[in-house]
Amino acid sequence: MSSDDRGSPFAPHTAAETEAMLAAVGVADEEALFDVPEAVRFDGSFGIEPRSERAIRAEVGDLLARNDDLTEFLGRGHYAHYVPSVVDHLSDRSEFLTSYTQYQPEVAQGFLQALFEYQSMLVELTGLPVANCSMYDAATALGEAASLASRVRETTGTRVLVPDHLQRGRREVLENYVAGQELTVEPYPMADGNADLDALADQVGDGTVMLYAENPTVRGCIEESLADLGALADDHDALFVVGSDPVALAVLREPASVGADVVVGDCSLGLPTAYGMGLGLFACRDDFLRQVPGRLVGASEDEAGRRAYTLTLQTREQHIRRERATSNICTNQAWVALRAAMHVATLGPDGLRDLANDCVRYARDLAADLDDVVGLRAPVHDRHYLREFPVRTDQPADAVAADLREEGFAVHTLDEHLLQVCVTDANADAAADLVAAFEEVAP
């Protein structure tokens with residue numbers, strides 16, 4: 001048989017087999033199977049003229065120079081923190097960059113140990129005994145928590161309750177996750193930036209499979225009733241899921257101590273902000289060890305009795321039969337988790353706690369300064385804050401935000417008269433300039 005008869009090695013059909021399949025679906029050729037508009041069809045040329053390296057660098061530089069040069073005071077679940085240079089230097093070593101998934105423990109002990117340390121850090125911060133090292137982001141971690149809740153809850157239930165203030169992207173991902181599981185996502189009301197306990201108590205009911213709360217909330221408020229929320233979930237046999245991050249957990253109570261069954265969130269360390277790029281964390285109780293999505297690194301012993309590390313309990317469908325899999329989480333976040341572990345190790349316990357306390361102080365001081373500006377009130381809620389807080393404006397919020405962009409600053413717009421400002425160690429040195437810009441545009 002000639003190579004033409006065998007067809008492509010990636011679709012190994014003979015010409016006769018291809019002709020038979022086309023006849024079965026009633027089309028004359030393979031092109032008829034696709035409806036590609038003429039305007040976007042490939043005409044055989046990319047239209048990119050060859051040029052020298054120097055010319056390309058100049059062109060790319062001119063293109064990037066068209067971007068707005070803004071100092072970002074943006075947050076709402078995605079935070080910028082200074083990443084020590086040692087993280088770049090160590091994580092850029094070839095043995096880390098060229099490693100995909102550590103399937104062969106005999107040649108990946110160093111990387112596996114680093115991931116085990118990352119899991120151990122999450123265990124210490126959350127108080128929960130099991131943590132994985134491979135989630136996309138906070139949104140998918142939340143979706144996986146809902147999937148886990150639907151599998152492990154012993155009584156019937158279809159409702160997943162989330163804060164009314166939940167960031168829109170996270171809610172949309174959660175809704176996509178539960179769409180095929182006969183679960184529904186319902187918001188519960190907030191009161192002055194925290195959960196409205198009385199209203200939630202009337203809403204929760206025995207049909208609730210999962211109750212989700214965030215600490216801090218998406219508005220930066222410390223959730224003061226977390227233990228009460230945990231008790232409310234427990235009273236109705238609902239899984240209690242808490243959203244947080246390692247910086248916040250350095251100064252807040254361990255979620256396990258307030259009854260959390262699962263902790264999810266974005267790690268927020270190890271990488272600068274990169275247009276949504278993050279690292280989802282997932283920790284849970286021992287009861288759910290065999291239900292954890294993604295990857296787990298375990299410690300064992302080799303035949304010589306030495307401590308050894310290996311991937312274990314891999315319950316995703318790439319590794320076991322589809323019908324037995326807990327999830328299809330399959331990306332390899334190992335390098336990002338490695339960077340997060342390096343960042344935390346570089347800070348150390350005291351440094352991580354100092355960073356969190358700084359973020360409390362930065363938010364408090366900036367809110368006080370903005371509250372002195374004519375036309376502003378900050379913070380809006382009578383709560384404690386970490387990193388970010390809402391600001392009420394007398395002028396339309398969209399107009400104020402647009403004027404701030406002209407002054408070189410980016411903030412969030414929440415509604416007609418509400419902005420949100422996030423300040424961390426990455427932008428605290430520009431806080432005074434932001435206040436001055438508000439003084440120009442807010443009155």
# chains A, B, ... in the order shown; residues from 1 in each chain; ligands from 1
call {"tool": "residues_around", "arguments": {"residues": "A:Val178", "least_positions_apart": "2", "cutoff": "12 Å", "atoms": "only C-alpha atoms", "output": "number ranges by chain"}}
result
A: 140, 142-151, 158-160, 171-176, 180-186, 209-210
call {"tool": "residues_around", "arguments": {"residues": "A:Leu376", "least_positions_apart": "3", "cutoff": "7 Å", "atoms": "only C-alpha atoms", "output": "MDAnalysis selection string"}}
result
chainID A and resid 370:371 373 391:394 442
call {"tool": "write_last_selection", "arguments": {"atoms": "C-alpha atoms", "output": "compact mmCIF listing (two decimals), in the first residue's frame"}}
result
# COMPACT_ATOMS: atom_id res chain seq x y z
CA LEU A 370 -9.92 59.37 50.23
CA ASP A 371 -12.65 60.00 52.77
CA VAL A 373 -11.64 64.26 49.53
CA VAL A 391 -15.59 54.24 47.50
CA ARG A 392 -18.86 56.14 47.06
CA THR A 393 -18.78 59.09 44.69
CA ASP A 394 -21.11 62.08 44.40
CA ALA A 442 -14.08 63.79 42.24
call {"tool": "select_by_dssp", "arguments": {"residues": "stretch 197-395 of chain A", "states": "alpha helix (DSSP H)", "output": "number ranges by chain"}}
result
A: 197-204, 226-235, 246-249, 334-371
call {"tool": "residues_around", "arguments": {"residues": "stretch 83-91 of chain A", "least_positions_apart": "4", "cutoff": "7 Å", "atoms": "only C-alpha atoms", "output": "ChimeraX atom specification"}}
result
/A:96,270-272,339,342-343
call {"tool": "closest_residue", "arguments": {"among": "A:Arg307, A:Arg57, A:His78, A:Arg41", "to": "A:Ala274", "atoms": "only C-alpha atoms"}}
result
A:His78
call {"tool": "residues_around", "arguments": {"residues": "A:Asp302", "least_positions_apart": "5", "cutoff": "12 Å", "atoms": "only C-alpha atoms", "output": "ChimeraX atom specification"}}
result
/A:105-106,109,307-310
call {"tool": "closest_residue", "arguments": {"among": "A:Asp403, A:Glu388, A:Asp372, A:Asp365", "to": "A:Ala80", "atoms": "only C-alpha atoms"}}
result
A:Glu388
call {"tool": "residues_around", "arguments": {"residues": "A:Phe73", "least_positions_apart": "5", "cutoff": "8 Å", "atoms": "only C-alpha atoms", "output": "PyMOL selection string"}}
result
chain A and resi 409-412+421-423+427
call {"tool": "residues_around", "arguments": {"residues": "stretch 220-232 of chain A", "least_positions_apart": "3", "cutoff": "6 Å", "atoms": "only C-alpha atoms", "output": "NGL selection string"}}
result
:A and (194 or 215-217 or 235 or 240 or 258-259 or 384-386 or 388-389)
call {"tool": "write_last_selection", "arguments": {"atoms": "N, CA and C atoms", "output": "PDB file, in the first residue's frame"}}
result
ATOM      1  N   ASN A 194     -21.108  42.223  54.482  1.00  0.00           N
ATOM      2  CA  ASN A 194     -21.019  40.854  55.011  1.00  0.00           C
ATOM      3  C   ASN A 194     -22.305  40.100  54.722  1.00  0.00           C
ATOM      4  N   ASN A 215     -13.743  35.182  52.442  1.00  0.00           N
ATOM      5  CA  ASN A 215     -13.104  35.942  53.505  1.00  0.00           C
ATOM      6  C   ASN A 215     -11.652  36.224  53.112  1.00  0.00           C
ATOM      7  N   PRO A 216     -11.354  37.470  52.702  1.00  0.00           N
ATOM      8  CA  PRO A 216     -12.233  38.630  52.581  1.00  0.00           C
ATOM      9  C   PRO A 216     -13.241  38.447  51.442  1.00  0.00           C
ATOM     10  N   THR A 217     -14.299  39.256  51.490  1.00  0.00           N
ATOM     11  CA  THR A 217     -15.272  39.243  50.409  1.00  0.00           C
ATOM     12  C   THR A 217     -14.676  39.939  49.197  1.00  0.00           C
ATOM     13  N   ASP A 235     -25.912  22.761  60.164  1.00  0.00           N
ATOM     14  CA  ASP A 235     -27.279  22.471  60.607  1.00  0.00           C
ATOM     15  C   ASP A 235     -28.125  21.875  59.496  1.00  0.00           C
ATOM     16  N   PHE A 240     -19.730  23.332  53.574  1.00  0.00           N
ATOM     17  CA  PHE A 240     -19.349  24.726  53.792  1.00  0.00           C
ATOM     18  C   PHE A 240     -18.015  24.977  53.097  1.00  0.00           C
ATOM     19  N   VAL A 258     -13.542  27.303  61.710  1.00  0.00           N
ATOM     20  CA  VAL A 258     -14.922  27.801  61.660  1.00  0.00           C
ATOM     21  C   VAL A 258     -15.809  26.838  60.882  1.00  0.00           C
ATOM     22  N   GLY A 259     -15.354  25.618  60.712  1.00  0.00           N
ATOM     23  CA  GLY A 259     -16.195  24.583  60.130  1.00  0.00           C
ATOM     24  C   GLY A 259     -16.090  24.400  58.634  1.00  0.00           C
ATOM     25  N   HIS A 384     -13.838  45.858  58.713  1.00  0.00           N
ATOM     26  CA  HIS A 384     -12.391  45.817  58.549  1.00  0.00           C
ATOM     27  C   HIS A 384     -12.094  45.363  57.118  1.00  0.00           C
ATOM     28  N   TYR A 385     -10.979  45.870  56.567  1.00  0.00           N
ATOM     29  CA  TYR A 385     -10.674  45.594  55.170  1.00  0.00           C
ATOM     30  C   TYR A 385      -9.257  45.049  55.027  1.00  0.00           C
ATOM     31  N   LEU A 386      -9.072  44.282  53.956  1.00  0.00           N
ATOM     32  CA  LEU A 386      -7.744  43.807  53.577  1.00  0.00           C
ATOM     33  C   LEU A 386      -7.567  44.078  52.085  1.00  0.00           C
ATOM     34  N   GLU A 388      -8.465  46.005  49.734  1.00  0.00           N
ATOM     35  CA  GLU A 388      -9.355  46.790  48.885  1.00  0.00           C
ATOM     36  C   GLU A 388     -10.621  47.193  49.629  1.00  0.00           C
ATOM     37  N   PHE A 389     -11.296  48.194  49.055  1.00  0.00           N
ATOM     38  CA  PHE A 389     -12.494  48.744  49.689  1.00  0.00           C
ATOM     39  C   PHE A 389     -13.277  49.533  48.645  1.00  0.00           C
TER      40      PHE A 389
END
call {"tool": "atom_distance", "arguments": {"atom1": "atom CA of A:Ala195", "atom2": "atom CA of A:Asp164"}}
result
8.7 Å
call {"tool": "atom_distance", "arguments": {"atom1": "atom CA of A:Leu281", "atom2": "atom CA of A:Leu355"}}
result
19.3 Å
call {"tool": "atom_distance", "arguments": {"atom1": "atom CA of A:Pro379", "atom2": "atom CA of A:Arg364"}}
result
8.5 Å
call {"tool": "closest_residue", "arguments": {"among": "A:Val297, A:Leu269, A:Ala334, A:Leu366", "to": "A:Leu347", "atoms": "only C-alpha atoms"}}
result
A:Leu269
call {"tool": "closest_residue", "arguments": {"among": "A:His81, A:His417, A:Arg377, A:Arg76", "to": "A:Glu214", "atoms": "only C-alpha atoms"}}
result
A:Arg76
call {"tool": "residues_around", "arguments": {"residues": "A:Asp29", "least_positions_apart": "6", "cutoff": "12 Å", "atoms": "only C-alpha atoms", "output": "count of residues only"}}
result
7
call {"tool": "select_by_dssp", "arguments": {"residues": "stretch 187-355 of chain A", "states": "strand (DSSP E or B)", "output": "VMD selection string"}}
result
chain A and resid 187 to 188 190 to 191 194 to 195 208 to 214 221 239 to 243 262 to 266 280 to 284 296 to 301 307 to 312 316 327
